[in-house]
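Enquirer: Here it is: the structure, laid out below.
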Amino acid sequence: MTPEHLRERLLQQGFLELQADTFDEVAAGIGNLVVLPLDSPAQRPEFFDLTVVLPEILSQFPRDTFRAAFVSPPASATIAKRFGVLRHPALIFLREGRYVGTIEGLRDWQDYRQSFARLGTEPPRPVPVPLTVSGARR
């Protein structure tokens, strides 16, 4: 599947496509936003799996609980880094533009349901700062 096919699939499923230059403004106007920063499905076929599973997970909650969106490359890498994503595919949860949490990597159905329920009600919090190790000895 090409990146364009993946993009079209998400749009057909009702996902909102976010752009880097309007990301903050759009996100601030949405209660619970779930953002999928895309990468090449050829390099990471798990993205396709998540696009199949995600609409099913969302259907388990009342229709207005979450709004799903995606960001295409190259902006997706910047957005993922900004919110501390270390593993793909990832879902970034925002409430009115403020960080709530992430789900990284593919999960089983029950874990997704529990994580969505938790992240849909948790208060916003600071974005985690990735730790870097420097000066380590061998």
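Order determines the names: the first chain of the structure tokens is A, the second B, and so forth; residues in each chain are numbered 1 upward, and ligands are numbered 1 upward as they are shown.
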Show me, as number ranges by chain, the residues that have an atom within 6 Å of segment 97-113 of chain A when counting only C-alpha atoms, minus same-chain residues fewer than 6 positions from it.

Expert: A: 27-28, 87-91, 124-125

Enquirer: Excluding segment 29-43 of chain A and residues on its chain fewer than 6 positions from it, collect all residues at most 6 Å away from it, counting only C-alpha atoms, and give them as a PDB file with C-alpha atoms, in the first residue's frame.

Expert:
```pdb
ATOM      1  CA  PRO A   3       1.262   6.453   1.333  1.00  0.00           C
ATOM      2  CA  PHE A  66     -13.000  11.069  20.109  1.00  0.00           C
ATOM      3  CA  ARG A  67     -12.141  12.764  16.821  1.00  0.00           C
ATOM      4  CA  ALA A  68      -9.568  10.849  14.768  1.00  0.00           C
ATOM      5  CA  ALA A  69      -6.957  12.606  12.663  1.00  0.00           C
ATOM      6  CA  PHE A  70      -3.690  11.921  10.906  1.00  0.00           C
ATOM      7  CA  VAL A  71      -0.611  13.854   9.826  1.00  0.00           C
ATOM      8  CA  SER A  72       1.270  12.835   6.682  1.00  0.00           C
ATOM      9  CA  SER A  76       4.292  13.666  10.855  1.00  0.00           C
ATOM     10  CA  LEU A  91      -1.491   7.464  18.619  1.00  0.00           C
ATOM     11  CA  ILE A  92      -1.236  10.868  20.288  1.00  0.00           C
ATOM     12  CA  PHE A  93      -4.125  11.948  22.504  1.00  0.00           C
ATOM     13  CA  LEU A  94      -4.837  15.656  22.894  1.00  0.00           C
ATOM     14  CA  ARG A  95      -7.608  17.495  24.705  1.00  0.00           C
ATOM     15  CA  GLU A  96      -8.296  20.947  23.302  1.00  0.00           C
TER      16      GLU A  96
END
```

Enquirer: Which is closest to Ala75 of chain A among A:Leu11, A:Leu50, A:Met1, A:Leu18, if we use only C-alpha atoms?

Expert: A:Leu18

Enquirer: DSSP on the backbone, then: every residue of segment 40-119 of chain A marked strand (DSSP E or B), written as a PyMOL selection string.

Expert: chain A and resi 67-71+90-95+98-104

Enquirer: Please dump the current selection as a PDB file, in the first residue's frame; keep N, CA and C atoms.

Expert:
```
ATOM      1  N   ARG A  67     -12.251  12.376  18.232  1.00  0.00           N
ATOM      2  CA  ARG A  67     -12.141  12.764  16.821  1.00  0.00           C
ATOM      3  C   ARG A  67     -10.795  12.242  16.351  1.00  0.00           C
ATOM      4  N   ALA A  68     -10.796  11.448  15.284  1.00  0.00           N
ATOM      5  CA  ALA A  68      -9.568  10.849  14.768  1.00  0.00           C
ATOM      6  C   ALA A  68      -8.981  11.715  13.662  1.00  0.00           C
ATOM      7  N   ALA A  69      -7.662  11.814  13.664  1.00  0.00           N
ATOM      8  CA  ALA A  69      -6.957  12.606  12.663  1.00  0.00           C
ATOM      9  C   ALA A  69      -5.624  11.945  12.343  1.00  0.00           C
ATOM     10  N   PHE A  70      -5.026  12.405  11.258  1.00  0.00           N
ATOM     11  CA  PHE A  70      -3.690  11.921  10.906  1.00  0.00           C
ATOM     12  C   PHE A  70      -2.873  13.079  10.356  1.00  0.00           C
ATOM     13  N   VAL A  71      -1.562  12.898  10.392  1.00  0.00           N
ATOM     14  CA  VAL A  71      -0.611  13.854   9.826  1.00  0.00           C
ATOM     15  C   VAL A  71       0.290  13.052   8.899  1.00  0.00           C
ATOM     16  N   ALA A  90       2.040   5.063  16.317  1.00  0.00           N
ATOM     17  CA  ALA A  90       1.677   5.673  17.595  1.00  0.00           C
ATOM     18  C   ALA A  90       0.387   6.465  17.440  1.00  0.00           C
ATOM     19  N   LEU A  91      -0.312   6.611  18.539  1.00  0.00           N
ATOM     20  CA  LEU A  91      -1.491   7.464  18.619  1.00  0.00           C
ATOM     21  C   LEU A  91      -1.228   8.509  19.691  1.00  0.00           C
ATOM     22  N   ILE A  92      -1.437   9.762  19.353  1.00  0.00           N
ATOM     23  CA  ILE A  92      -1.236  10.868  20.288  1.00  0.00           C
ATOM     24  C   ILE A  92      -2.607  11.382  20.694  1.00  0.00           C
ATOM     25  N   PHE A  93      -2.848  11.474  21.982  1.00  0.00           N
ATOM     26  CA  PHE A  93      -4.125  11.948  22.504  1.00  0.00           C
ATOM     27  C   PHE A  93      -3.979  13.381  23.005  1.00  0.00           C
ATOM     28  N   LEU A  94      -4.837  14.254  22.490  1.00  0.00           N
ATOM     29  CA  LEU A  94      -4.837  15.656  22.894  1.00  0.00           C
ATOM     30  C   LEU A  94      -6.244  16.038  23.338  1.00  0.00           C
ATOM     31  N   ARG A  95      -6.321  16.922  24.290  1.00  0.00           N
ATOM     32  CA  ARG A  95      -7.608  17.495  24.705  1.00  0.00           C
ATOM     33  C   ARG A  95      -7.504  18.994  24.548  1.00  0.00           C
ATOM     34  N   ARG A  98      -4.084  20.176  24.141  1.00  0.00           N
ATOM     35  CA  ARG A  98      -3.110  19.897  25.210  1.00  0.00           C
ATOM     36  C   ARG A  98      -2.849  18.393  25.311  1.00  0.00           C
ATOM     37  N   TYR A  99      -1.605  18.040  25.514  1.00  0.00           N
ATOM     38  CA  TYR A  99      -1.174  16.644  25.553  1.00  0.00           C
ATOM     39  C   TYR A  99      -1.817  15.876  26.700  1.00  0.00           C
ATOM     40  N   VAL A 100      -2.328  14.680  26.374  1.00  0.00           N
ATOM     41  CA  VAL A 100      -2.888  13.787  27.389  1.00  0.00           C
ATOM     42  C   VAL A 100      -2.041  12.518  27.503  1.00  0.00           C
ATOM     43  N   GLY A 101      -1.613  11.959  26.361  1.00  0.00           N
ATOM     44  CA  GLY A 101      -0.808  10.739  26.405  1.00  0.00           C
ATOM     45  C   GLY A 101      -0.643  10.137  25.021  1.00  0.00           C
ATOM     46  N   THR A 102       0.048   9.006  24.975  1.00  0.00           N
ATOM     47  CA  THR A 102       0.259   8.287  23.716  1.00  0.00           C
ATOM     48  C   THR A 102       0.076   6.796  23.922  1.00  0.00           C
ATOM     49  N   ILE A 103      -0.195   6.133  22.823  1.00  0.00           N
ATOM     50  CA  ILE A 103      -0.122   4.677  22.748  1.00  0.00           C
ATOM     51  C   ILE A 103       0.888   4.405  21.641  1.00  0.00           C
ATOM     52  N   GLU A 104       1.940   3.689  21.959  1.00  0.00           N
ATOM     53  CA  GLU A 104       2.985   3.408  20.983  1.00  0.00           C
ATOM     54  C   GLU A 104       3.021   1.928  20.650  1.00  0.00           C
TER      55      GLU A 104
END
```

Enquirer: Can you tell me, as a list in words, which residues in segment 11-82 of chain A count as helix (DSSP H, G or I) by DSSP?

Expert: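 DSSP on the backbone gives helix (DSSP H, G or I) at Leu11, Gln12, Phe23, Asp24, Glu25, Val26, Ala27, Ala28, Glu46, Phe47, Phe48, Asp49, Leu50, Thr51, Val52, Val53, Leu54, Pro55, Glu56, Ile57, Leu58, Ala75, Ser76, Ala77, Thr78, Ile79, Ala80, Lys81 and Arg82 of chain A.
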
Enquirer: Considering only C-alpha atoms, can you say which of A:Gln13, A:Val26, A:Val127, A:Glu8 comes closest to Lys81 of chain A?

Expert: A:Val127
